[in-house]
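Novice: Dropping the structure in here first, questions after.
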Amino acid sequence: MNKQRYLLVLSGPSGCGKDTVTRRMKELYGNIEVSVSATTREMRDGEQEGIDYYYMSVAQFQDMIARNEILEHTCYCGNYYGTPRAEVEKRIDKSTTVVLVIEVEGGENIKKMYPECTTVFLKPASFEALENRLRSRGTDSEESIQKRLTRAKEELVYADRYDYTLVNDDLDTCARQLYRILSDRQADC
């Protein structure tokens with residue numbers, strides 16, 4: 001059995017619902033763990049250290065990179081984001097399904113390191129829906145929203161590089177489709 005099949009990479013533009021779909025899939029099926037990423041961005045209201053992200057300074061993040069403790073990383077809208085190596089390897093070694101919710105560059109890098117992993121690109125129902133979602137969060141300045149929208153246009157062209165593409169137009173349907181993809185891939189091990 002190829003344990004890499006227990007690794008799911010989920011990417012898509014900011015605001016397309018990656019975290020929401022992942023949470024719903026976990027609620028429906030339970031046997032999924034989400035890798036906690038590291039970031040240098042400020043913690044938002046309601047977020048928790050070690051649950052939503054590992055929050056750290058730029059110097060701490062760069063130190064982890066230098067020690068090869070980060071599998072992949074990117075600088076997105078002025079902040080670093082990355083996947084701690086231990087978060088992934090301890091789970092796939094136990095044949096535990098682990099989801100990485102990461103940016104497109106990171107997704108490509110993970111696919112190179114774990115070629116049998118499953119990659120899924122999540123698209124919003126429409127660009128207008130994406131913009132509405134970003135605005136309704138109430139967590140970003142107008143400047144940040146504009147940067148995220150510009151970046152979203154750039155990211156959407158990556159969809160065809162992923163194993164699968166899903167449109168998040170209905171939360172439960174999307175979560176079920178995502179789980180089915182993962183289950184089918186693991187059954188083929």
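By convention in this document, the chains of the structure tokens carry letters A, B, ... by their order, each chain's residues are numbered from 1, and ligands are numbered from 1 in the order they are shown.
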Where does segment 57-117 of chain A meet segment 11-35 of chain A within 9 Å, residue by residue, with the nearest atom pair and distance in Å to one decimal for each, counting only C-alpha atoms, listed by chain and rising number, as a Markdown table?

Specialist:
```
| residue | atom | partner | partner_atom | distance |
| --- | --- | --- | --- | --- |
| A:Thr83 | CA | A:Ser35 | CA | 7.5 |
| A:Pro84 | CA | A:Ser35 | CA | 8.3 |
| A:Glu87 | CA | A:Ser35 | CA | 5.6 |
| A:Val88 | CA | A:Ser35 | CA | 6.5 |
| A:Arg91 | CA | A:Glu33 | CA | 8.2 |
| A:Thr96 | CA | A:Ile32 | CA | 7.1 |
| A:Thr97 | CA | A:Ile32 | CA | 5.1 |
| A:Val98 | CA | A:Glu33 | CA | 4.8 |
| A:Val99 | CA | A:Val34 | CA | 4.7 |
| A:Leu100 | CA | A:Ser35 | CA | 5.5 |
| A:Val101 | CA | A:Ser11 | CA | 6.0 |
| A:Ile102 | CA | A:Ser11 | CA | 5.3 |
| A:Glu103 | CA | A:Ser11 | CA | 5.4 |
| A:Val104 | CA | A:Ser11 | CA | 5.8 |
| A:Gly106 | CA | A:Ser11 | CA | 8.7 |
| A:Gly107 | CA | A:Ser11 | CA | 6.8 |
```

Novice: Can you pull out every residue within 6 Å of segment 121-127 of chain A, counting only C-alpha atoms, but drop anything in the same chain fewer than 4 positions away, and send it as an MDAnalysis selection string?

Specialist: chainID A and resid 10:12 16 159 165:169

Novice: Could you save the residues just selected, with C-alpha atoms, as a PDB file, in the first residue's frame?

Specialist:
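Contents of part-v3.pdb, as written:
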```pdb
ATOM      1  CA  LEU A  10      -6.489  21.030  -1.239  1.00  0.00           C
ATOM      2  CA  SER A  11      -5.769  24.355  -2.942  1.00  0.00           C
ATOM      3  CA  GLY A  12      -7.741  27.227  -4.367  1.00  0.00           C
ATOM      4  CA  CYS A  16     -13.256  29.794  -1.965  1.00  0.00           C
ATOM      5  CA  ALA A 159      -6.680  24.258 -11.661  1.00  0.00           C
ATOM      6  CA  THR A 165     -11.204  20.130  -9.644  1.00  0.00           C
ATOM      7  CA  LEU A 166     -14.339  20.771  -7.601  1.00  0.00           C
ATOM      8  CA  VAL A 167     -16.672  23.766  -7.564  1.00  0.00           C
ATOM      9  CA  ASN A 168     -17.798  24.820  -4.118  1.00  0.00           C
ATOM     10  CA  ASP A 169     -21.390  25.802  -4.886  1.00  0.00           C
TER      11      ASP A 169
END
```

Novice: Taking the DSSP assignment computed from this structure's backbone, write out as an MDAnalysis selection string all residues of segment 58-185 of chain A that belong to strand (DSSP E).

Specialist: chainID A and resid 70:76 79:84 97:101 118:124 164:168

Novice: Okay, now the selection with C-alpha atoms, as a CSV table (one decimal), in the first residue's frame?

Specialist:
```csv
chain,number,residue,atom,x,y,z
A,70,ILE,CA,9.1,23.1,6.5
A,71,LEU,CA,8.0,20.9,3.6
A,72,GLU,CA,6.8,23.8,1.5
A,73,HIS,CA,6.2,27.5,2.0
A,74,THR,CA,5.1,30.6,0.2
A,75,CYS,CA,4.9,34.3,0.8
A,76,TYR,CA,1.3,35.3,0.3
A,79,ASN,CA,3.0,36.9,5.1
A,80,TYR,CA,4.8,33.5,5.1
A,81,TYR,CA,2.7,30.3,5.2
A,82,GLY,CA,4.2,26.8,5.3
A,83,THR,CA,3.7,23.1,6.2
A,84,PRO,CA,5.7,21.7,9.1
A,97,THR,CA,-5.7,10.6,6.2
A,98,VAL,CA,-4.2,14.1,6.4
A,99,VAL,CA,-5.4,17.2,4.5
A,100,LEU,CA,-3.1,20.0,3.6
A,101,VAL,CA,-5.0,23.2,2.9
A,118,THR,CA,-4.2,13.3,-4.2
A,119,THR,CA,-4.4,17.0,-5.3
A,120,VAL,CA,-7.7,18.8,-5.5
A,121,PHE,CA,-8.3,22.4,-6.7
A,122,LEU,CA,-11.3,24.1,-5.2
A,123,LYS,CA,-13.0,26.7,-7.3
A,124,PRO,CA,-15.7,29.2,-6.1
A,164,TYR,CA,-9.3,16.9,-9.6
A,165,THR,CA,-11.2,20.1,-9.6
A,166,LEU,CA,-14.3,20.8,-7.6
A,167,VAL,CA,-16.7,23.8,-7.6
A,168,ASN,CA,-17.8,24.8,-4.1
```

Novice: Of the residues A:Leu178, A:Tyr114, A:Cys77, A:Phe61, which is the one nearest to Ile145 of chain A, using only C-alpha atoms?

Specialist: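 Counting only C-alpha atoms, the residue closest to Ile145 of chain A is A:Cys77.
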
Novice: With distances taken over only C-alpha atoms, which of A:Arg185, A:Arg135, A:Arg176, A:Lys111 is nearest to Tyr162 of chain A?

Specialist: A:Lys111

Novice: With distances taken over only C-alpha atoms, which residue among A:Ala152, A:Cys117, A:Leu171, A:Val157 lies nearest Asn2 of chain A?

Specialist: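 Looking only at the distances to Asn2 of chain A, the closest residue turns out to be A:Cys117.
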
Novice: Per residue of segment 103-144 of chain A within 12 Å of segment 40-45 of chain A, record the nearest atom pair and its distance in Å to one decimal, counting only C-alpha atoms, with rows in chain order and ascending residue number, as a tab-separated table.

Specialist:
```
residue	atom	partner	partner_atom	distance
A:Arg137	CA	A:Arg44	CA	10.8
A:Gly138	CA	A:Arg44	CA	10.5
A:Thr139	CA	A:Arg44	CA	7.3
A:Asp140	CA	A:Arg44	CA	9.7
```

Novice: Which polymer residues have any atom within 10 Å of an atom of Ser95 of chain A, counting only C-alpha atoms, with same-chain residues fewer than 6 positions away left out, as an MDAnalysis selection string?

Specialist: chainID A and resid 1:7 89

Novice: So what do you get for atom CA of Gln62 of chain A versus atom CA of Ala86 of chain A, distance-wise?

Specialist: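 Atom-to-atom, atom CA of Gln62 of chain A to atom CA of Ala86 of chain A, that is 16.3 Å.
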
Novice: Please identify the alpha helix (DSSP H) residues within segment 1-177 of chain A (assignment by DSSP from backbone atoms) and present them as a count of residues only.

Specialist: 72

Novice: To one decimal in Å, tell me the separation between atom CA of Asn132 of chain A and atom CA of Tyr55 of chain A.

Specialist: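 Distance reported for this atom pair: 26.9 Å.
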
Novice: Name the residues in contact with Tyr54 of chain A at a cut-off of 8 Å, using only C-alpha atoms, excluding same-chain residues fewer than 6 positions from it; report them as an NGL selection string.

Specialist: :A and (36-39)

Novice: Would you save the residues from that selection as a PDB file, in the first residue's frame, using C-alpha atoms?

Specialist:
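Printed below is result26.pdb as written:
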```
ATOM      1  CA  VAL A  36      -1.833  22.765  10.913  1.00  0.00           C
ATOM      2  CA  SER A  37       0.222  25.231   8.889  1.00  0.00           C
ATOM      3  CA  ALA A  38       2.684  27.774  10.197  1.00  0.00           C
ATOM      4  CA  THR A  39       2.290  31.461   9.367  1.00  0.00           C
TER       5      THR A  39
END
```

Novice: Could you work out how far atom CA of Met113 of chain A lies from atom CA of Thr150 of chain A, giving the answer in Å with one decimal?

Specialist: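 Taking atom CA of Thr150 of chain A as the start and atom CA of Met113 of chain A as the end point, the length is 28.5 Å.
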